[in-house]
Amino acid sequence: MKAQHYLASLGLPSGDDYSLPTSTRRFADGGAFHIEIPSVEGPAAMEAVIDEAALRGVPVHRVSQGSGIWMLTDTEIEQMVELGRVHNIEVCLFVGPRAGWDTGAQATSPGGAVLFGSLRGADQLAYGIEEVVRGCALGLRSVLVSDLGQLAVLGKLKAQGDLPSDLVLKVSASLPVSNPAGARLLEDLGASTLNVAVDLSLPTLSAIRAAVSIPLDLYIESSDDFGGVIRYYEIPEIVRVAAPVHLKFAVRNSPSLYPSGGHLAGVLEATARERVRRASLGLAMLTRAEADLALPRSL
């Protein structure tokens with residue numbers, strides 16, 4: 001097809017890579033994979049993750065939060081940042097408020113749900129940028145972004161020194177990454193790490209890996225509102241072809257936690273611990289497969 005020639009001329013894969021080559025890329029610590037625990041909505045949930053990880057011997061490299069910086073007090077953010085510093089865990093907080101929670105109706109409609117994670121209008125964009133400025137002032141160095149325009153602005157602000165040079169810009173699963181061209185665009189805009197769609201095949205993951213150099217983030221188990229996929233047996237091959245990759249573990253058949261608060265405290269802690277247990281199951285899959293991969297550091 002002519003399209004395949006055009007893609008190749010742009011330095012992009014001309015199709016999904018069914019040869020599944022082994023990725024030689026690695027994280028800075030030499031690991032082919034890292035463990036990410038999502039939906040860690042505050043200091044108490046993070047303490048539960050750290051406790052459960054120590055109990056099960058799970059090396060947690062990143063915790064991410066979905067409710068947004070705006071749903072945490074300065075003290076809570078500082079506590080999470082300090083926990084991350086002490087335990088060498090990246091703390092990634094979402095920005096907001098997002099379209100799904102503001103006054104618009106389209107984002108909550110069946111056909112308009114694709115708008116859910118975006119920032120509607122210049123005011124919302126400014127609010128979202130202010131979220132990042134506030135977080136950085138409190139020591140935060142990783143934010144979760146789901147709006148294309150905001151990513152572009154944050155990338156430029158970081159490049160010109162208005163934001164910390166070590167700030168991680170993590171693209172959310174709410175901003176779909178499902179092909180190599182989209183992945184390359186987000187990397188060019190300043191993304192540090194990419195949440196790819198939860199249901200991509202190994203050949204598609206391999207093609208995306210060929211198109212970008214930054215880490216990929218992939219749900220091994222996703223929540224029900226993201227399809228509820230379960231990919232534990234694929235972990236060894238996912239790591240082999242997509243490295244460096246953050247393996248993410250959500251929990252199916254659990255209630256929504258966003259926006260979070262004290263009224264959900266018990267559920268927050270219980271699901272945080274269960275996500276770590278799910279991660280231990282994933283690590284066991286790698287061990288049984290005797291995968292020849294660089295293991296990440298211990299907790």
# chains A, B, ... in the order shown; residues from 1 in each chain; ligands from 1
>>> select_by_dssp(residues="region 136-206 of chain A", states="strand (DSSP E or B)", output="list of chain:residue names")
A:Ser142, A:Val143, A:Leu144, A:Val145, A:Val168, A:Leu169, A:Lys170, A:Val171, A:Thr193, A:Leu194, A:Asn195
>>> closest_atom_pairs(of="region 93-124 of chain A", to="region 60-75 of chain A", cutoff="7 Å", atoms="only C-alpha atoms", output="JSON lines")
{"residue": "A:Leu93", "atom": "CA", "partner": "A:Gln65", "partner_atom": "CA", "distance": 5.0}
{"residue": "A:Phe94", "atom": "CA", "partner": "A:Gly68", "partner_atom": "CA", "distance": 4.3}
{"residue": "A:Val95", "atom": "CA", "partner": "A:Gly68", "partner_atom": "CA", "distance": 4.9}
{"residue": "A:Gly96", "atom": "CA", "partner": "A:Gly68", "partner_atom": "CA", "distance": 5.5}
>>> residues_around(residues="Ala3 (chain A)", least_positions_apart="5", cutoff="12 Å", atoms="only C-alpha atoms", output="PDB file with N, CA and C atoms, in the first residue's frame")
ATOM      1  N   ALA A   8       6.608   4.943   6.389  1.00  0.00           N
ATOM      2  CA  ALA A   8       8.039   4.666   6.501  1.00  0.00           C
ATOM      3  C   ALA A   8       8.860   5.910   6.182  1.00  0.00           C
ATOM      4  N   SER A   9       8.394   6.723   5.220  1.00  0.00           N
ATOM      5  CA  SER A   9       9.125   7.934   4.857  1.00  0.00           C
ATOM      6  C   SER A   9       9.124   8.951   5.983  1.00  0.00           C
ATOM      7  N   LEU A  10       8.169   8.827   6.897  1.00  0.00           N
ATOM      8  CA  LEU A  10       8.086   9.719   8.054  1.00  0.00           C
ATOM      9  C   LEU A  10       8.796   9.146   9.279  1.00  0.00           C
ATOM     10  N   LEU A  12       8.091   6.268  10.694  1.00  0.00           N
ATOM     11  CA  LEU A  12       7.125   5.547  11.517  1.00  0.00           C
ATOM     12  C   LEU A  12       7.008   4.099  11.041  1.00  0.00           C
ATOM     13  N   PRO A  13       6.655   3.183  11.926  1.00  0.00           N
ATOM     14  CA  PRO A  13       6.416   1.804  11.488  1.00  0.00           C
ATOM     15  C   PRO A  13       5.316   1.773  10.430  1.00  0.00           C
ATOM     16  N   SER A  14       5.482   0.958   9.419  1.00  0.00           N
ATOM     17  CA  SER A  14       4.489   0.885   8.346  1.00  0.00           C
ATOM     18  C   SER A  14       3.357  -0.083   8.670  1.00  0.00           C
ATOM     19  N   GLY A  15       3.465  -0.738   9.813  1.00  0.00           N
ATOM     20  CA  GLY A  15       2.416  -1.649  10.248  1.00  0.00           C
ATOM     21  C   GLY A  15       2.755  -2.201  11.615  1.00  0.00           C
TER      22      GLY A  15
END
>>> select_by_dssp(residues="region 45-202 of chain A", states="alpha helix (DSSP H)", output="ChimeraX atom specification")
/A:45-56,74-87,121-137,148-159,180-188,202
>>> atom_distance(atom1="CA of Ala191 (chain A)", atom2="CA of Asp162 (chain A)")
16.2 Å
>>> closest_residue(among="A:His5, A:Arg25, A:His87, A:Lys248", to="Arg277 (chain A)", atoms="only C-alpha atoms")
A:Lys248
>>> residues_around(residues="Val86 (chain A)", least_positions_apart="6", cutoff="12 Å", atoms="only C-alpha atoms", output="list in words")
Glu47, Ile50, Gln79, Met80 and Leu299 of chain A
>>> write_last_selection(atoms="N, CA and C atoms", output="PDB file, in the first residue's frame")
ATOM      1  N   GLU A  47       0.436   5.104  52.299  1.00  0.00           N
ATOM      2  CA  GLU A  47       1.029   4.352  53.411  1.00  0.00           C
ATOM      3  C   GLU A  47       0.589   2.891  53.360  1.00  0.00           C
ATOM      4  N   ILE A  50       2.677   1.181  50.686  1.00  0.00           N
ATOM      5  CA  ILE A  50       4.054   0.946  51.148  1.00  0.00           C
ATOM      6  C   ILE A  50       4.101  -0.220  52.127  1.00  0.00           C
ATOM      7  N   GLN A  79       2.949  15.471  52.321  1.00  0.00           N
ATOM      8  CA  GLN A  79       3.120  14.161  52.950  1.00  0.00           C
ATOM      9  C   GLN A  79       3.399  13.084  51.909  1.00  0.00           C
ATOM     10  N   MET A  80       2.673  13.122  50.797  1.00  0.00           N
ATOM     11  CA  MET A  80       2.891  12.130  49.746  1.00  0.00           C
ATOM     12  C   MET A  80       4.268  12.299  49.114  1.00  0.00           C
ATOM     13  N   LEU A 299      12.306  -3.023  46.948  1.00  0.00           N
ATOM     14  CA  LEU A 299      11.685  -1.940  47.695  1.00  0.00           C
ATOM     15  C   LEU A 299      12.616  -1.538  48.845  1.00  0.00           C
TER      16      LEU A 299
END
>>> residues_around(residues="Glu269 (chain A)", least_positions_apart="3", cutoff="12 Å", atoms="only C-alpha atoms", output="ChimeraX atom specification")
/A:39-52,257,260-266,272-276
>>> write_last_selection(atoms="N, CA, C and O atoms", output="compact mmCIF listing (two decimals), in the first residue's frame")
# COMPACT_ATOMS: atom_id res chain seq x y z
N SER A 39 -4.51 4.90 41.34
CA SER A 39 -5.63 5.24 42.24
C SER A 39 -5.21 5.28 43.71
O SER A 39 -5.95 4.83 44.59
N VAL A 40 -4.03 5.81 43.96
CA VAL A 40 -3.55 6.02 45.33
C VAL A 40 -3.90 7.47 45.67
O VAL A 40 -3.18 8.40 45.34
N GLU A 41 -5.02 7.64 46.37
CA GLU A 41 -5.69 8.93 46.42
C GLU A 41 -5.30 9.85 47.56
O GLU A 41 -5.91 10.89 47.75
N GLY A 42 -4.30 9.50 48.33
CA GLY A 42 -3.86 10.36 49.42
C GLY A 42 -2.81 9.68 50.27
O GLY A 42 -2.42 8.53 50.01
N PRO A 43 -2.33 10.38 51.30
CA PRO A 43 -1.27 9.83 52.14
C PRO A 43 -1.63 8.50 52.80
O PRO A 43 -0.78 7.60 52.87
N ALA A 44 -2.86 8.36 53.28
CA ALA A 44 -3.23 7.12 53.96
C ALA A 44 -3.19 5.94 52.99
O ALA A 44 -2.69 4.86 53.33
N ALA A 45 -3.69 6.14 51.78
CA ALA A 45 -3.66 5.08 50.78
C ALA A 45 -2.22 4.76 50.39
O ALA A 45 -1.86 3.59 50.18
N MET A 46 -1.38 5.79 50.31
CA MET A 46 0.02 5.55 49.96
C MET A 46 0.74 4.78 51.06
O MET A 46 1.56 3.89 50.78
N GLU A 47 0.44 5.10 52.30
CA GLU A 47 1.03 4.35 53.41
C GLU A 47 0.59 2.89 53.36
O GLU A 47 1.38 1.99 53.65
N ALA A 48 -0.68 2.65 52.97
CA ALA A 48 -1.16 1.28 52.84
C ALA A 48 -0.40 0.54 51.74
O ALA A 48 -0.05 -0.64 51.88
N VAL A 49 -0.14 1.23 50.62
CA VAL A 49 0.63 0.64 49.51
C VAL A 49 2.03 0.27 49.98
O VAL A 49 2.52 -0.84 49.73
N ILE A 50 2.68 1.18 50.69
CA ILE A 50 4.05 0.95 51.15
C ILE A 50 4.10 -0.22 52.13
O ILE A 50 4.98 -1.08 52.06
N ASP A 51 3.13 -0.27 53.03
CA ASP A 51 3.08 -1.35 54.01
C ASP A 51 2.86 -2.70 53.33
O ASP A 51 3.55 -3.68 53.62
N GLU A 52 1.90 -2.75 52.42
CA GLU A 52 1.58 -4.01 51.74
C GLU A 52 2.73 -4.44 50.84
O GLU A 52 3.04 -5.64 50.72
N LEU A 257 -13.54 5.53 42.62
CA LEU A 257 -12.95 6.26 43.75
C LEU A 257 -12.82 7.75 43.47
O LEU A 257 -12.35 8.49 44.33
N SER A 260 -12.10 11.52 45.19
CA SER A 260 -11.98 10.79 46.45
C SER A 260 -12.20 11.69 47.66
O SER A 260 -12.29 12.90 47.56
N GLY A 261 -12.27 11.07 48.84
CA GLY A 261 -12.42 11.80 50.08
C GLY A 261 -12.53 10.86 51.26
O GLY A 261 -12.50 9.64 51.11
N GLY A 262 -12.67 11.44 52.45
CA GLY A 262 -12.72 10.65 53.67
C GLY A 262 -13.89 9.68 53.72
O GLY A 262 -13.82 8.67 54.44
N HIS A 263 -14.95 9.96 52.96
CA HIS A 263 -16.12 9.08 52.98
C HIS A 263 -15.82 7.73 52.34
O HIS A 263 -16.60 6.78 52.48
N LEU A 264 -14.69 7.65 51.63
CA LEU A 264 -14.30 6.40 50.98
C LEU A 264 -13.03 5.80 51.59
O LEU A 264 -12.40 4.94 50.99
N ALA A 265 -12.68 6.25 52.79
CA ALA A 265 -11.39 5.90 53.38
C ALA A 265 -11.16 4.39 53.43
O ALA A 265 -10.09 3.90 53.06
N GLY A 266 -12.15 3.64 53.90
CA GLY A 266 -11.98 2.19 54.01
C GLY A 266 -11.76 1.52 52.67
O GLY A 266 -10.90 0.65 52.52
N ALA A 272 -6.17 -0.18 47.65
CA ALA A 272 -4.73 0.08 47.51
C ALA A 272 -3.94 -1.18 47.84
O ALA A 272 -3.00 -1.56 47.11
N ARG A 273 -4.31 -1.84 48.91
CA ARG A 273 -3.61 -3.08 49.29
C ARG A 273 -3.84 -4.18 48.26
O ARG A 273 -2.93 -4.94 47.94
N GLU A 274 -5.06 -4.25 47.74
CA GLU A 274 -5.35 -5.30 46.76
C GLU A 274 -4.59 -5.07 45.45
O GLU A 274 -4.16 -6.03 44.80
N ARG A 275 -4.39 -3.82 45.08
CA ARG A 275 -3.59 -3.55 43.88
C ARG A 275 -2.16 -4.05 44.04
O ARG A 275 -1.55 -4.57 43.10
N VAL A 276 -1.62 -3.89 45.24
CA VAL A 276 -0.27 -4.40 45.49
C VAL A 276 -0.27 -5.93 45.43
O VAL A 276 0.65 -6.55 44.88
>>> decode(residues="region 235-253 of chain A", atoms="N, CA, C and O atoms", output="JSON list (two decimals), in the first residue's frame")
[["chain", "number", "residue", "atom", "x", "y", "z"],
["A", 235, "ILE", "N", 2.36, -10.84, 30.61],
["A", 235, "ILE", "CA", 3.36, -9.95, 31.18],
["A", 235, "ILE", "C", 4.78, -10.21, 30.66],
["A", 235, "ILE", "O", 5.47, -9.27, 30.25],
["A", 236, "PRO", "N", 5.27, -11.45, 30.64],
["A", 236, "PRO", "CA", 6.64, -11.65, 30.16],
["A", 236, "PRO", "C", 6.86, -11.13, 28.74],
["A", 236, "PRO", "O", 7.88, -10.48, 28.46],
["A", 237, "GLU", "N", 5.92, -11.36, 27.84],
["A", 237, "GLU", "CA", 6.06, -10.87, 26.47],
["A", 237, "GLU", "C", 5.85, -9.37, 26.38],
["A", 237, "GLU", "O", 6.51, -8.69, 25.57],
["A", 238, "ILE", "N", 4.94, -8.82, 27.19],
["A", 238, "ILE", "CA", 4.74, -7.37, 27.21],
["A", 238, "ILE", "C", 6.04, -6.67, 27.61],
["A", 238, "ILE", "O", 6.47, -5.71, 26.98],
["A", 239, "VAL", "N", 6.69, -7.17, 28.64],
["A", 239, "VAL", "CA", 7.94, -6.58, 29.10],
["A", 239, "VAL", "C", 9.02, -6.75, 28.03],
["A", 239, "VAL", "O", 9.79, -5.83, 27.75],
["A", 240, "ARG", "N", 9.07, -7.91, 27.41],
["A", 240, "ARG", "CA", 10.13, -8.16, 26.43],
["A", 240, "ARG", "C", 10.03, -7.22, 25.25],
["A", 240, "ARG", "O", 11.05, -6.67, 24.81],
["A", 241, "VAL", "N", 8.83, -7.00, 24.72],
["A", 241, "VAL", "CA", 8.72, -6.20, 23.49],
["A", 241, "VAL", "C", 8.52, -4.71, 23.76],
["A", 241, "VAL", "O", 8.83, -3.88, 22.89],
["A", 242, "ALA", "N", 8.02, -4.34, 24.95],
["A", 242, "ALA", "CA", 7.66, -2.94, 25.19],
["A", 242, "ALA", "C", 8.60, -2.21, 26.13],
["A", 242, "ALA", "O", 8.44, -1.02, 26.38],
["A", 243, "ALA", "N", 9.60, -2.89, 26.69],
["A", 243, "ALA", "CA", 10.49, -2.26, 27.67],
["A", 243, "ALA", "C", 11.08, -0.95, 27.15],
["A", 243, "ALA", "O", 11.39, -0.84, 25.97],
["A", 244, "PRO", "N", 11.24, 0.04, 28.04],
["A", 244, "PRO", "CA", 10.86, 0.03, 29.46],
["A", 244, "PRO", "C", 9.36, 0.30, 29.61],
["A", 244, "PRO", "O", 8.81, 1.18, 28.95],
["A", 245, "VAL", "N", 8.71, -0.47, 30.48],
["A", 245, "VAL", "CA", 7.27, -0.37, 30.62],
["A", 245, "VAL", "C", 6.88, -0.38, 32.10],
["A", 245, "VAL", "O", 7.42, -1.17, 32.89],
["A", 246, "HIS", "N", 5.96, 0.52, 32.45],
["A", 246, "HIS", "CA", 5.36, 0.50, 33.79],
["A", 246, "HIS", "C", 4.18, -0.48, 33.75],
["A", 246, "HIS", "O", 3.24, -0.30, 32.96],
["A", 247, "LEU", "N", 4.24, -1.50, 34.57],
["A", 247, "LEU", "CA", 3.13, -2.45, 34.69],
["A", 247, "LEU", "C", 2.17, -1.91, 35.74],
["A", 247, "LEU", "O", 2.54, -1.71, 36.90],
["A", 248, "LYS", "N", 0.91, -1.69, 35.34],
["A", 248, "LYS", "CA", -0.07, -1.06, 36.23],
["A", 248, "LYS", "C", -1.13, -2.08, 36.63],
["A", 248, "LYS", "O", -1.60, -2.87, 35.79],
["A", 249, "PHE", "N", -1.53, -2.02, 37.88],
["A", 249, "PHE", "CA", -2.48, -3.00, 38.40],
["A", 249, "PHE", "C", -3.64, -2.29, 39.07],
["A", 249, "PHE", "O", -3.52, -1.74, 40.16],
["A", 250, "ALA", "N", -4.79, -2.31, 38.39],
["A", 250, "ALA", "CA", -6.03, -1.82, 38.99],
["A", 250, "ALA", "C", -6.77, -3.03, 39.55],
["A", 250, "ALA", "O", -6.22, -4.13, 39.62],
["A", 251, "VAL", "N", -8.03, -2.84, 39.93],
["A", 251, "VAL", "CA", -8.83, -3.94, 40.48],
["A", 251, "VAL", "C", -10.20, -3.92, 39.83],
["A", 251, "VAL", "O", -10.92, -2.92, 39.90],
["A", 252, "ARG", "N", -10.55, -5.00, 39.17],
["A", 252, "ARG", "CA", -11.90, -5.13, 38.62],
["A", 252, "ARG", "C", -12.92, -5.28, 39.75],
["A", 252, "ARG", "O", -12.58, -5.61, 40.88],
["A", 253, "ASN", "N", -14.18, -5.05, 39.40],
["A", 253, "ASN", "CA", -15.28, -5.29, 40.34],
["A", 253, "ASN", "C", -15.10, -4.50, 41.64],
["A", 253, "ASN", "O", -15.33, -5.01, 42.73]]
